[in-house]
$ cat coords-v6.txt   # compact mmCIF, C-alpha atoms (C1' of nucleotides)
# COMPACT_ATOMS: atom_id res chain seq x y z
CA MET A 1 -49.73 3.36 -19.51
CA LEU A 2 -52.28 2.28 -22.01
CA ARG A 3 -54.76 -0.16 -20.65
CA ILE A 4 -55.96 -3.19 -22.54
CA SER A 5 -59.11 -5.13 -21.83
CA LYS A 6 -59.01 -8.67 -20.54
CA LEU A 7 -60.73 -9.90 -23.68
CA THR A 8 -57.91 -8.53 -25.78
CA ASP A 9 -55.39 -10.18 -23.53
CA TYR A 10 -57.21 -13.43 -24.04
CA GLY A 11 -57.13 -12.91 -27.77
CA VAL A 12 -53.37 -12.60 -27.85
CA VAL A 13 -52.90 -15.56 -25.53
CA LEU A 14 -55.20 -17.77 -27.57
CA ALA A 15 -53.69 -16.75 -30.87
CA THR A 16 -50.21 -17.34 -29.53
CA HIS A 17 -51.26 -20.74 -28.33
CA LEU A 18 -52.53 -21.67 -31.75
CA ALA A 19 -49.31 -20.35 -33.25
CA ALA A 20 -47.36 -22.91 -31.24
CA TRP A 21 -49.42 -25.74 -32.62
CA PRO A 22 -48.60 -27.94 -35.63
CA ASP A 23 -50.07 -26.83 -38.92
CA GLY A 24 -53.29 -28.32 -40.10
CA ARG A 25 -54.26 -29.69 -36.72
CA THR A 26 -57.13 -28.00 -34.97
CA LEU A 27 -57.49 -27.30 -31.27
CA ALA A 28 -60.88 -27.50 -29.58
CA VAL A 29 -62.09 -24.60 -27.47
CA ARG A 30 -62.25 -26.91 -24.47
CA ASP A 31 -58.54 -27.71 -24.72
CA LEU A 32 -57.55 -24.12 -25.40
CA ALA A 33 -59.52 -23.00 -22.37
CA LYS A 34 -57.95 -25.63 -20.18
CA CYS A 35 -54.48 -24.67 -21.38
CA THR A 36 -54.79 -20.97 -20.81
CA GLY A 37 -57.03 -20.92 -17.78
CA ILE A 38 -59.56 -18.83 -19.62
CA PRO A 39 -63.21 -19.70 -18.93
CA GLN A 40 -64.44 -21.82 -21.81
CA PRO A 41 -67.44 -19.70 -22.88
CA THR A 42 -65.32 -16.59 -22.81
CA ALA A 43 -62.59 -18.24 -24.85
CA SER A 44 -65.24 -19.25 -27.33
CA LYS A 45 -66.44 -15.69 -27.63
CA VAL A 46 -62.94 -14.37 -28.26
CA LEU A 47 -62.22 -17.05 -30.83
CA LYS A 48 -65.38 -16.11 -32.69
CA LEU A 49 -64.06 -12.56 -32.92
CA LEU A 50 -60.71 -13.78 -34.19
CA GLY A 51 -62.58 -15.87 -36.74
CA ARG A 52 -64.52 -12.91 -38.11
CA ALA A 53 -61.27 -11.01 -38.51
CA GLY A 54 -59.85 -13.82 -40.60
CA ILE A 55 -57.11 -14.65 -38.11
CA VAL A 56 -58.34 -18.11 -37.22
CA GLU A 57 -60.67 -20.52 -38.95
CA ALA A 58 -62.93 -23.10 -37.40
CA GLN A 59 -63.51 -26.72 -38.18
CA ARG A 60 -67.04 -27.42 -37.05
CA GLY A 61 -68.53 -30.72 -36.14
CA ALA A 62 -67.06 -33.64 -34.27
CA HIS A 63 -63.33 -33.44 -33.68
CA GLY A 64 -63.46 -29.83 -34.80
CA GLY A 65 -61.59 -26.87 -33.43
CA TYR A 66 -59.61 -23.82 -34.40
CA ARG A 67 -56.41 -23.19 -36.31
CA LEU A 68 -54.63 -20.14 -37.70
CA THR A 69 -55.43 -19.13 -41.26
CA ARG A 70 -51.87 -18.04 -41.94
CA ALA A 71 -48.36 -18.57 -40.70
CA PRO A 72 -47.59 -16.92 -37.34
CA GLU A 73 -45.06 -14.72 -39.11
CA ASP A 74 -47.84 -13.21 -41.21
CA ILE A 75 -50.08 -12.20 -38.32
CA THR A 76 -49.34 -9.00 -36.44
CA ILE A 77 -50.28 -8.16 -32.89
CA ALA A 78 -52.01 -5.07 -34.18
CA GLU A 79 -54.31 -7.33 -36.16
CA VAL A 80 -55.15 -9.48 -33.15
CA ILE A 81 -55.79 -6.54 -30.88
CA SER A 82 -58.04 -4.69 -33.29
CA ALA A 83 -59.90 -7.93 -33.96
CA VAL A 84 -61.02 -8.09 -30.34
CA GLU A 85 -60.99 -4.45 -29.35
CA GLY A 86 -62.69 -3.23 -32.49
CA PRO A 87 -61.45 -0.61 -34.91
CA ILE A 88 -62.23 2.26 -32.58
CA GLY A 89 -58.86 3.89 -32.79
CA VAL A 90 -56.81 5.18 -29.93
CA THR A 91 -59.13 8.13 -29.66
CA GLU A 92 -62.54 8.69 -31.14
CA CYS A 93 -61.19 11.80 -32.81
CA ALA A 94 -63.73 13.95 -31.07
CA THR A 95 -64.83 16.77 -33.24
CA GLU A 96 -66.22 19.23 -30.78
CA VAL A 97 -66.85 22.82 -31.54
CA SER A 98 -64.92 25.03 -29.18
CA ALA A 99 -64.52 28.72 -29.59
CA CYS A 100 -61.25 29.72 -28.03
CA GLU A 101 -60.52 33.31 -27.19
CA PHE A 102 -56.80 32.82 -26.63
CA GLU A 103 -55.73 30.62 -29.48
CA PRO A 104 -57.20 30.92 -32.94
CA LYS A 105 -56.82 27.19 -33.58
CA CYS A 106 -57.67 24.84 -30.72
CA ASP A 107 -57.99 21.64 -32.73
CA VAL A 108 -55.21 19.83 -30.97
CA ARG A 109 -57.19 16.68 -31.37
CA THR A 110 -56.28 16.26 -35.01
CA ASN A 111 -52.75 15.59 -33.89
CA TRP A 112 -53.94 12.52 -32.02
CA GLN A 113 -53.58 10.85 -35.38
CA ARG A 114 -49.85 11.11 -34.88
CA ILE A 115 -50.03 9.16 -31.63
CA ASN A 116 -52.43 6.69 -33.17
CA GLN A 117 -50.07 6.05 -36.03
CA ALA A 118 -47.08 5.59 -33.76
CA VAL A 119 -48.82 2.99 -31.65
CA GLN A 120 -50.23 1.24 -34.68
CA HIS A 121 -46.81 1.06 -36.26
CA ALA A 122 -45.29 -0.31 -33.06
CA LEU A 123 -47.87 -3.07 -32.83
CA GLU A 124 -47.54 -3.96 -36.49
CA GLY A 125 -43.88 -4.57 -35.84
CA ILE A 126 -44.65 -7.48 -33.52
CA ARG A 127 -45.76 -10.71 -35.09
CA LEU A 128 -47.37 -13.73 -33.55
CA SER A 129 -44.18 -15.68 -34.15
CA ASP A 130 -42.36 -13.25 -31.88
CA MET A 131 -44.66 -14.14 -29.02
CA ILE A 132 -44.14 -17.87 -28.92
CA LEU A 133 -41.45 -18.94 -26.54
CA PRO A 134 -38.72 -18.82 -25.58
CA ASN A 135 -38.83 -15.61 -23.58
CA ARG A 136 -35.69 -13.73 -24.31
CA PRO A 137 -34.46 -12.72 -20.86
CA GLU A 138 -32.87 -9.44 -21.88
CA LEU A 139 -36.07 -8.16 -23.45
CA VAL A 140 -38.10 -9.13 -20.44
CA ARG A 141 -35.73 -7.29 -18.19
CA ILE A 142 -35.94 -4.15 -20.29
CA GLY A 143 -39.69 -4.34 -20.31
CA ARG A 144 -39.89 -4.58 -16.56
CA ALA A 145 -37.52 -1.64 -16.14
CA ALA A 146 -39.56 0.49 -18.46
CA GLN A 147 -42.68 -0.33 -16.53
CA GLY A 148 -41.46 0.46 -13.06
CA MET B 149 -57.11 -0.49 -31.83
CA LEU B 150 -56.09 0.41 -28.36
CA ARG B 151 -58.66 2.42 -26.58
CA ILE B 152 -57.82 5.42 -24.47
CA SER B 153 -60.08 6.92 -21.84
CA LYS B 154 -61.58 10.34 -22.23
CA LEU B 155 -59.69 11.56 -19.19
CA THR B 156 -56.40 10.71 -20.89
CA ASP B 157 -57.50 12.50 -24.00
CA TYR B 158 -58.24 15.53 -21.88
CA GLY B 159 -54.80 15.29 -20.34
CA VAL B 160 -53.05 15.48 -23.68
CA VAL B 161 -55.26 18.28 -24.89
CA LEU B 162 -54.71 20.33 -21.74
CA ALA B 163 -50.99 19.75 -21.70
CA THR B 164 -50.74 20.67 -25.35
CA HIS B 165 -52.67 23.81 -24.66
CA LEU B 166 -50.29 24.80 -21.93
CA ALA B 167 -47.40 24.03 -24.23
CA ALA B 168 -48.61 26.64 -26.66
CA TRP B 169 -48.63 29.29 -23.98
CA PRO B 170 -45.85 31.77 -23.19
CA ASP B 171 -43.47 30.69 -20.48
CA GLY B 172 -44.01 31.82 -16.93
CA ARG B 173 -47.62 32.87 -17.48
CA THR B 174 -50.22 30.70 -15.84
CA LEU B 175 -53.57 29.69 -17.28
CA ALA B 176 -56.58 29.35 -15.00
CA VAL B 177 -58.65 26.18 -15.13
CA ARG B 178 -61.66 28.23 -16.13
CA ASP B 179 -59.90 29.52 -19.23
CA LEU B 180 -58.43 26.14 -20.11
CA ALA B 181 -61.86 24.59 -19.81
CA LYS B 182 -63.44 27.23 -21.99
CA CYS B 183 -60.69 26.82 -24.60
CA THR B 184 -60.90 23.08 -24.89
CA GLY B 185 -64.59 22.55 -24.26
CA ILE B 186 -63.82 20.26 -21.34
CA PRO B 187 -66.15 20.61 -18.34
CA GLN B 188 -64.38 22.72 -15.77
CA PRO B 189 -64.47 20.33 -12.79
CA THR B 190 -63.22 17.52 -14.98
CA ALA B 191 -60.42 19.66 -16.35
CA SER B 192 -59.50 20.49 -12.78
CA LYS B 193 -59.32 16.82 -11.88
CA VAL B 194 -57.08 16.03 -14.82
CA LEU B 195 -54.79 18.96 -14.10
CA LYS B 196 -54.42 17.75 -10.53
CA LEU B 197 -53.21 14.42 -11.88
CA LEU B 198 -50.77 16.15 -14.20
CA GLY B 199 -49.56 18.15 -11.22
CA ARG B 200 -48.85 15.06 -9.15
CA ALA B 201 -46.83 13.64 -12.00
CA GLY B 202 -44.69 16.76 -12.12
CA ILE B 203 -45.80 17.75 -15.59
CA VAL B 204 -47.55 20.95 -14.60
CA GLU B 205 -47.30 23.15 -11.55
CA ALA B 206 -49.97 25.29 -10.00
CA GLN B 207 -49.98 28.83 -8.82
CA ARG B 208 -52.59 28.96 -6.13
CA GLY B 209 -54.51 31.93 -4.92
CA ALA B 210 -55.86 34.88 -6.81
CA HIS B 211 -54.71 35.14 -10.42
CA GLY B 212 -53.38 31.64 -10.11
CA GLY B 213 -53.40 28.89 -12.67
CA TYR B 214 -51.31 26.18 -14.25
CA ARG B 215 -48.13 26.12 -16.30
CA LEU B 216 -45.74 23.45 -17.53
CA THR B 217 -42.79 22.61 -15.32
CA ARG B 218 -40.50 22.04 -18.27
CA ALA B 219 -40.14 22.94 -21.91
CA PRO B 220 -42.60 21.14 -24.22
CA GLU B 221 -39.66 19.43 -25.89
CA ASP B 222 -38.82 17.71 -22.61
CA ILE B 223 -42.26 16.22 -21.97
CA THR B 224 -43.24 13.03 -23.75
CA ILE B 225 -46.73 11.84 -24.56
CA ALA B 226 -45.95 8.65 -22.66
CA GLU B 227 -45.46 10.73 -19.55
CA VAL B 228 -48.74 12.55 -19.95
CA ILE B 229 -50.71 9.39 -20.65
CA SER B 230 -49.34 7.46 -17.69
CA ALA B 231 -49.94 10.48 -15.48
CA VAL B 232 -53.67 10.25 -16.09
CA GLU B 233 -54.14 6.59 -16.85
CA GLY B 234 -51.95 5.38 -14.01
CA PRO B 235 -48.91 3.11 -14.23
CA ILE B 236 -51.00 0.03 -14.85
CA GLY B 237 -49.15 -1.11 -17.90
CA VAL B 238 -50.67 -2.36 -21.09
CA THR B 239 -51.57 -5.53 -19.29
CA GLU B 240 -51.62 -6.38 -15.65
CA CYS B 241 -49.16 -9.17 -16.31
CA ALA B 242 -51.58 -11.68 -14.91
CA THR B 243 -49.79 -14.38 -13.05
CA GLU B 244 -52.31 -17.14 -13.08
CA VAL B 245 -51.46 -20.71 -12.42
CA SER B 246 -52.46 -22.84 -15.36
CA ALA B 247 -51.50 -26.42 -15.76
CA CYS B 248 -51.28 -27.21 -19.44
CA GLU B 249 -51.24 -30.74 -20.68
CA PHE B 250 -50.23 -29.92 -24.23
CA GLU B 251 -47.49 -27.39 -23.80
CA PRO B 252 -45.01 -27.56 -20.98
CA LYS B 253 -44.79 -23.76 -20.84
CA CYS B 254 -47.99 -21.81 -21.22
CA ASP B 255 -46.71 -18.53 -19.86
CA VAL B 256 -47.30 -16.54 -23.00
CA ARG B 257 -48.21 -13.65 -20.82
CA THR B 258 -44.63 -12.84 -19.98
CA ASN B 259 -44.15 -11.85 -23.57
CA TRP B 260 -46.67 -9.11 -23.13
CA GLN B 261 -43.71 -7.14 -21.87
CA ARG B 262 -42.53 -7.01 -25.45
CA ILE B 263 -45.73 -5.36 -26.59
CA ASN B 264 -45.67 -3.09 -23.60
CA GLN B 265 -42.19 -1.96 -24.40
CA ALA B 266 -42.97 -1.33 -28.05
CA VAL B 267 -45.90 0.90 -27.23
CA GLN B 268 -43.99 2.68 -24.50
CA HIS B 269 -41.13 3.36 -26.86
CA ALA B 270 -43.47 4.68 -29.52
CA LEU B 271 -45.13 7.08 -27.11
CA GLU B 272 -41.84 8.27 -25.72
CA GLY B 273 -40.88 9.28 -29.23
CA ILE B 274 -43.62 11.89 -29.35
CA ARG B 275 -43.09 15.08 -27.39
CA LEU B 276 -45.50 17.75 -26.39
CA SER B 277 -43.82 20.12 -28.79
CA ASP B 278 -44.75 17.78 -31.63
CA MET B 279 -48.41 18.16 -30.78
CA ILE B 280 -48.73 21.92 -31.00
CA LEU B 281 -49.78 23.06 -34.41
CA PRO B 282 -49.47 23.21 -37.30
CA ASN B 283 -50.91 19.90 -38.39
CA ARG B 284 -48.68 18.44 -41.01
CA PRO B 285 -51.16 17.35 -43.68
CA GLU B 286 -49.17 14.36 -44.85
CA LEU B 287 -48.97 12.88 -41.37
CA VAL B 288 -52.66 13.37 -40.78
CA ARG B 289 -53.46 11.70 -44.05
CA ILE B 290 -51.33 8.67 -43.24
CA GLY B 291 -52.93 8.42 -39.84
CA ARG B 292 -56.40 8.37 -41.29
CA ALA B 293 -55.46 5.79 -43.85
CA ALA B 294 -54.00 3.56 -41.19
CA GLN B 295 -57.18 3.82 -39.20
CA GLY B 296 -59.64 3.05 -41.94
C1' DT C 297 -59.34 40.32 5.82
C1' DC C 298 -61.81 38.90 1.91
C1' DA C 299 -62.22 37.32 -2.76
C1' DT C 300 -60.05 34.23 -5.76
C1' DA C 301 -58.30 29.83 -7.28
C1' DT C 302 -56.22 25.28 -6.62
C1' DG C 303 -55.70 20.64 -3.60
C1' DG C 304 -57.81 16.67 -2.04
C1' DG C 305 -60.99 14.09 -1.34
C1' DA C 306 -66.22 11.91 -1.38
C1' DC C 307 -70.01 10.77 -4.11
C1' DC C 308 -73.08 9.01 -7.87
C1' DG C 309 -75.37 7.62 -12.34
C1' DG C 310 -74.55 5.16 -16.52
C1' DA C 311 -72.04 2.56 -19.76
C1' DA C 312 -68.83 -0.95 -20.71
C1' DC C 313 -66.67 -5.13 -19.69
C1' DG C 314 -66.48 -9.91 -18.48
C1' DG C 315 -68.95 -13.90 -18.09
C1' DT C 316 -72.92 -17.19 -18.79
C1' DC C 317 -76.52 -19.44 -21.23
C1' DC C 318 -79.48 -21.00 -25.04
C1' DT C 319 -80.51 -22.37 -29.68
C1' DC C 320 -79.17 -23.32 -34.47
C1' DA C 321 -75.94 -25.07 -37.96
C1' DA C 322 -72.25 -28.07 -39.53
C1' DT C 323 -69.55 -32.24 -39.48
C1' DC C 324 -68.17 -36.96 -38.36
C1' DG C 325 -68.88 -41.71 -36.79
C1' DG C 326 -71.73 -45.57 -36.53
C1' DC D 327 -79.43 -41.97 -42.42
C1' DC D 328 -79.30 -40.70 -37.55
C1' DG D 329 -77.28 -38.95 -33.44
C1' DA D 330 -73.32 -37.12 -30.97
C1' DT D 331 -70.04 -33.54 -31.09
C1' DT D 332 -68.49 -28.89 -31.70
C1' DG D 333 -68.61 -24.14 -33.25
C1' DA D 334 -71.84 -19.80 -34.67
C1' DG D 335 -74.66 -16.37 -33.18
C1' DG D 336 -77.01 -13.87 -30.15
C1' DA D 337 -79.52 -12.55 -25.67
C1' DC D 338 -78.84 -11.59 -21.04
C1' DC D 339 -76.92 -9.82 -16.60
C1' DG D 340 -74.05 -8.52 -12.51
C1' DT D 341 -69.90 -5.75 -11.45
C1' DT D 342 -66.70 -2.58 -12.24
C1' DC D 343 -64.93 1.83 -13.30
C1' DC D 344 -65.33 5.81 -16.01
C1' DG D 345 -66.83 10.44 -16.37
C1' DG D 346 -68.74 14.08 -14.06
C1' DT D 347 -70.14 16.89 -9.92
C1' DC D 348 -69.75 18.77 -5.46
C1' DC D 349 -67.80 20.15 -0.97
C1' DC D 350 -64.36 21.93 2.03
C1' DA D 351 -59.51 23.04 3.24
C1' DT D 352 -55.57 25.78 1.84
C1' DA D 353 -52.80 29.32 -0.35
C1' DT D 354 -52.29 33.86 -2.48
C1' DG D 355 -53.00 38.71 -3.86
C1' DA D 356 -55.50 43.06 -3.34
$ encode --input "coords-v6.txt" --output "structure tokens"
Amino acid sequence: MLRISKLTDYGVVLATHLAAWPDGRTLAVRDLAKCTGIPQPTASKVLKLLGRAGIVEAQRGAHGGYRLTRAPEDITIAEVISAVEGPIGVTECATEVSACEFEPKCDVRTNWQRINQAVQHALEGIRLSDMILPNRPELVRIGRAAQG
Amino acid sequence: MLRISKLTDYGVVLATHLAAWPDGRTLAVRDLAKCTGIPQPTASKVLKLLGRAGIVEAQRGAHGGYRLTRAPEDITIAEVISAVEGPIGVTECATEVSACEFEPKCDVRTNWQRINQAVQHALEGIRLSDMILPNRPELVRIGRAAQG
DNA sequence: TCATATGGGACCGGAACGGTCCTCAATCGG
DNA sequence: CCGATTGAGGACCGTTCCGGTCCCATATGA
């Protein structure tokens, strides 16, 4: 199935971690890295991306750190993923000229938008608050079955 | 948003092309390549993958070619994508050991299954028959709006 | 029997991904 | 007011794999 880059994985993990943290308090990159097992410089890079997207905000200086800008219920997974992955879309909507002698209209690629929209909608349906524990066993089981 | 490899794009385009072809008749790789603008050897490689997944079948020898094994209504986009991309899942479900001193349970990664399932479900809802023309303008418009 | 057309690999250059490092800016404590 | 702490921003770089090509074996029809 669709592949996701490690950086994006990190983004979701870090955001979820912040979601399970009391409001107002900030978490330093060092602690976040230690918690998640992500290399500290890499975690820093991902958090910068989340910051630019307006998902997290930073408190600089001594005793600084990161915190979410909104409630976990108001942040969708789609937002987090596109913050790290970039707004490239599921396909680059290649517009190649191709003269087809069998079919008069070969622009199947425009229909990629349909797939794009379906995935986008699915990811917008999952919020950060859905990701923080506890793992619902039944859902996990279904997910594993669908994968194998 | 989620990125998809070019090979996977080719897979959907080729499968869609075959879907818009009369039953029983086979299409040679050369013609498919010319139709879609995909380099012929690459198209061949993708079609081999689709063949292994049981989506298309080949007629070898002179006047051979490819055709779908089933009706376009019975083939989902999820099937086509995983045929090319491999069954890697949206994440590799990394099982890293990470001792967290703040949270007792840091295994946010298990919840990736939820995302995985959502995307899988969305892609299973789109069939090959939905991809063959004509482009419904309203859907295309929504898709573009969601992207930008 | 030969031309045609796919099956199944090996092979390779280039782009990206993942990770590291350095310097500057902002904030807090003393 | 000064220095320690911590994030911002960017440059840099090795490795991976993606996309494309090629070769040979196999199957089929004329």
$ interface_residues --input "coords-v6.txt" --of "chain D" --to "chain A" --cutoff "12 Å" --atoms "only C-alpha atoms (C1' of nucleotides)" --output "ChimeraX atom specification"
/D:329-336
$ closest_atom_pairs --input "coords-v6.txt" --of "chain C" --to "chain A" --cutoff "8 Å" --atoms "only C-alpha atoms (C1' of nucleotides)" --output "CSV"
residue,atom,partner,partner_atom,distance
C:DC313,C1',A:Ser5,CA,7.9
C:DG314,C1',A:Leu7,CA,7.8
C:DG315,C1',A:Thr42,CA,6.5
C:DT316,C1',A:Pro41,CA,7.3
C:DA322,C1',A:Gly61,CA,5.7
C:DT323,C1',A:Gly61,CA,3.8
C:DC324,C1',A:Ala62,CA,5.4
$ atom_distance --input "coords-v6.txt" --atom1 "atom CA of Glu205 of chain B" --atom2 "atom CA of Glu221 of chain B"
16.7 Å
$ residues_around --input "coords-v6.txt" --residues "segment 303-308 of chain C" --least-positions-apart "4" --cutoff "9 Å" --atoms "all atoms listed in the file" --output "list in words"
Lys196 of chain B; DT347, DC348, DC349, DA351 and DT352 of chain D
$ atom_distance --input "coords-v6.txt" --atom1 "atom CA of Glu272 of chain B" --atom2 "atom CA of Val13 of chain A"
26.3 Å
$ atom_distance --input "coords-v6.txt" --atom1 "atom CA of Ile223 of chain B" --atom2 "atom CA of Arg200 of chain B"
14.5 Å
$ closest_residue --input "coords-v6.txt" --among "A:Ala118, A:Val56, A:Val84, A:Val46" --to "chain B" --atoms "all atoms listed in the file"
A:Ala118
$ residues_around --input "coords-v6.txt" --residues "Asp74 of chain A" --least-positions-apart "4" --cutoff "8 Å" --atoms "all atoms listed in the file" --output "mmCIF file with C-alpha atoms, keeping the file's coordinate frame"
data_model
loop_
_atom_site.group_PDB
_atom_site.id
_atom_site.type_symbol
_atom_site.label_atom_id
_atom_site.label_comp_id
_atom_site.auth_asym_id
_atom_site.auth_seq_id
_atom_site.Cartn_x
_atom_site.Cartn_y
_atom_site.Cartn_z
ATOM 1 C CA ARG A 70 -51.870 -18.040 -41.940
ATOM 2 C CA ARG A 127 -45.760 -10.710 -35.090
ATOM 3 C CA LEU A 128 -47.370 -13.730 -33.550
#
$ closest_residue --input "coords-v6.txt" --among "A:Leu49, A:Ala43, A:Leu2, A:Val12" --to "chain B" --atoms "only C-alpha atoms"
A:Leu2
$ closest_residue --input "coords-v6.txt" --among "B:Ala231, B:Arg151, B:Ala167, B:Leu216" --to "chain A" --atoms "all atoms listed in the file"
B:Arg151
$ residues_around --input "coords-v6.txt" --residues "Leu162 of chain B" --least-positions-apart "2" --cutoff "8 Å" --atoms "only C-alpha atoms (C1' of nucleotides)" --output "number ranges by chain"
B: 158-160, 164-166, 180, 184, 191, 195
$ closest_residue --input "coords-v6.txt" --among "B:Ala163, B:Ile152, B:Ala181, B:Ile186" --to "chain A" --atoms "all atoms listed in the file"
B:Ile152
$ closest_residue --input "coords-v6.txt" --among "A:Thr8, A:Asn111, A:Ser129, A:Thr26" --to "chain B" --atoms "only C-alpha atoms"
A:Asn111
$ closest_residue --input "coords-v6.txt" --among "B:Ala201, B:Pro220, B:Arg173, B:Ala168" --to "chain A" --atoms "all atoms listed in the file"
B:Ala168
$ axis_aligned_box --input "coords-v6.txt" --around "segment 70-75 of chain A" --padding-each-side "8 Å" --output "lines of an AutoDock Vina configuration file"
center_x = -48.5
center_y = -15.4
center_z = -39.6
size_x = 22.8
size_y = 22.4
size_z = 20.6
$ build_atoms --input "coords-v6.txt" --residues "segment 62-74 of chain A" --atoms "N, CA and C atoms" --output "compact mmCIF listing (two decimals), in the frame of the given file"
# COMPACT_ATOMS: atom_id res chain seq x y z
N ALA A 62 -67.84 -32.78 -35.17
CA ALA A 62 -67.06 -33.64 -34.27
C ALA A 62 -65.57 -33.53 -34.60
N HIS A 63 -64.78 -33.58 -33.56
CA HIS A 63 -63.33 -33.44 -33.68
C HIS A 63 -62.94 -32.14 -34.36
N GLY A 64 -63.77 -31.13 -34.20
CA GLY A 64 -63.46 -29.83 -34.80
C GLY A 64 -62.55 -29.02 -33.90
N GLY A 65 -62.45 -27.75 -34.22
CA GLY A 65 -61.59 -26.87 -33.43
C GLY A 65 -61.14 -25.68 -34.24
N TYR A 66 -60.12 -25.01 -33.74
CA TYR A 66 -59.61 -23.82 -34.40
C TYR A 66 -58.17 -24.01 -34.84
N ARG A 67 -57.81 -23.27 -35.89
CA ARG A 67 -56.41 -23.19 -36.31
C ARG A 67 -56.20 -21.82 -36.96
N LEU A 68 -54.95 -21.41 -37.06
CA LEU A 68 -54.63 -20.14 -37.70
C LEU A 68 -54.86 -20.24 -39.20
N THR A 69 -55.24 -19.13 -39.81
CA THR A 69 -55.43 -19.13 -41.26
C THR A 69 -54.12 -18.92 -42.00
N ARG A 70 -53.15 -18.33 -41.30
CA ARG A 70 -51.87 -18.04 -41.94
C ARG A 70 -50.73 -18.46 -41.03
N ALA A 71 -49.54 -18.29 -41.52
CA ALA A 71 -48.36 -18.57 -40.70
C ALA A 71 -48.25 -17.51 -39.62
N PRO A 72 -47.73 -17.88 -38.45
CA PRO A 72 -47.59 -16.92 -37.34
C PRO A 72 -46.76 -15.70 -37.72
N GLU A 73 -45.88 -15.86 -38.70
CA GLU A 73 -45.06 -14.72 -39.11
C GLU A 73 -45.88 -13.68 -39.87
N ASP A 74 -47.03 -14.10 -40.37
CA ASP A 74 -47.84 -13.21 -41.21
C ASP A 74 -48.97 -12.55 -40.44
